[in-house]
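Since the structure comes first, as structure tokens, the remarks are kept for the end.
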Amino acid sequence: MKRENSVNEEHKRAHKGCWGRRMILTLVFIGLIVVMLLASKSVMSSRPDDLGTKEGRLAGCPDSPNCVSTTATDDEHSVAPLTFDGTAEEAMTRLKDVIENMPRTVVVTATESYLHAEFTTRLFRYTDDVEFQVNAEENTIQIRSASRIGYSDLGANRIRVEAVRTAFHSVFADGP
């Protein structure tokens, strides 16, 4: 009888360990499915139609909190433009250099007064569109940074714009 109880206890412990392993495997499987769904969503996103300047301005932000812009008037979406000394041509050249040296970034369009770049996030490969427009008369560069999909970006666009600002002013301070 004693041996039978011992065998039953071992059997229970073995099954308890199996249940834990099954639960972990199930959670890992669910996690992989979620990651695959999020990644596939980013692959299917396409370039928005409202990029570029309209009537001399970049587009505004939607109501969702995944966009920042120098044309926005509310605190949630508003960011300050970049400022520069020197010529607009020098500013655009330096801006393009800054953008091209940032990770997971592709410059899509670059003219003497406009730059559009696509930034891809590391984990889920989401693409964000970032636009810059030089205003030579005011020595400013207007900015719009927007996520293609999702509702919230957890502040990623604002953080990106401030990183660009820091790098741009750092490069500009170093001189030609």
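To be explicit about the labels: the chains of the structure tokens are called A, B, and onward in the order shown, and within each one the residues are counted from 1, while ligands get numbers from 1 in the order they are shown.
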Spatial neighbours of Ala80 in chain A, 9 Å, only C-alpha atoms, chain gap at least 3 places, as a compact mmCIF listing (two decimals) with N, CA and C atoms, in the first residue's frame:
# COMPACT_ATOMS: atom_id res chain seq x y z
N SER A 69 2.77 67.40 -35.47
CA SER A 69 2.95 68.30 -36.60
C SER A 69 3.16 69.73 -36.13
N THR A 70 3.92 70.46 -36.91
CA THR A 70 4.12 71.88 -36.61
C THR A 70 2.90 72.71 -36.98
N THR A 71 1.98 72.14 -37.75
CA THR A 71 0.77 72.88 -38.11
C THR A 71 -0.36 72.65 -37.11
N THR A 83 14.63 75.15 -36.48
CA THR A 83 15.12 76.47 -36.90
C THR A 83 16.56 76.31 -37.36
N GLN A 142 9.23 72.98 -41.29
CA GLN A 142 7.99 72.43 -40.77
C GLN A 142 8.08 70.90 -40.77
N ILE A 143 7.39 70.27 -39.84
CA ILE A 143 7.50 68.82 -39.66
C ILE A 143 6.13 68.19 -39.48
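Excluding range 62-68 of chain A itself and any same-chain residue fewer than 6 positions from it, the protein and nucleic acid residues within 7 Å of it, counting only C-alpha atoms, are Glu76, His77, Ser78, Val79, Arg144, Ser145, Ala146, Ser147, Tyr151, Ser152, Asp153, Asn157 and Arg158 of chain A.
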Restricting it to C-alpha atoms, dump the selection as a PDB file, in the first residue's frame.
ATOM      1  CA  GLU A  76      -1.289  66.547 -28.064  1.00  0.00           C
ATOM      2  CA  HIS A  77      -0.186  66.936 -31.702  1.00  0.00           C
ATOM      3  CA  SER A  78       1.854  70.147 -31.752  1.00  0.00           C
ATOM      4  CA  VAL A  79       5.646  70.287 -32.082  1.00  0.00           C
ATOM      5  CA  ARG A 144       4.813  66.144 -39.737  1.00  0.00           C
ATOM      6  CA  SER A 145       5.415  62.653 -38.338  1.00  0.00           C
ATOM      7  CA  ALA A 146       2.547  60.151 -38.478  1.00  0.00           C
ATOM      8  CA  SER A 147       2.014  56.436 -37.985  1.00  0.00           C
ATOM      9  CA  TYR A 151      -4.385  54.435 -32.817  1.00  0.00           C
ATOM     10  CA  SER A 152      -1.629  55.265 -30.329  1.00  0.00           C
ATOM     11  CA  ASP A 153       2.092  55.311 -31.004  1.00  0.00           C
ATOM     12  CA  ASN A 157       6.521  60.181 -33.334  1.00  0.00           C
ATOM     13  CA  ARG A 158       7.231  62.958 -30.808  1.00  0.00           C
TER      14      ARG A 158
END
At a cut-off of 10 Å, using only C-alpha atoms, what residues contact Val108 in chain A? Leave out same-chain residues fewer than 3 positions from it and give the result as a PyMOL selection string. chain A and resi 105+115-118+129-131
Here is a test: counting only C-alpha atoms, which residue of A:Thr140, A:Glu162, A:Ile99, A:Asp74 is nearest to Cys61 in chain A?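 Between A:Thr140, A:Glu162, A:Ile99, A:Asp74, the residue approaching Cys61 in chain A most closely is A:Asp74.
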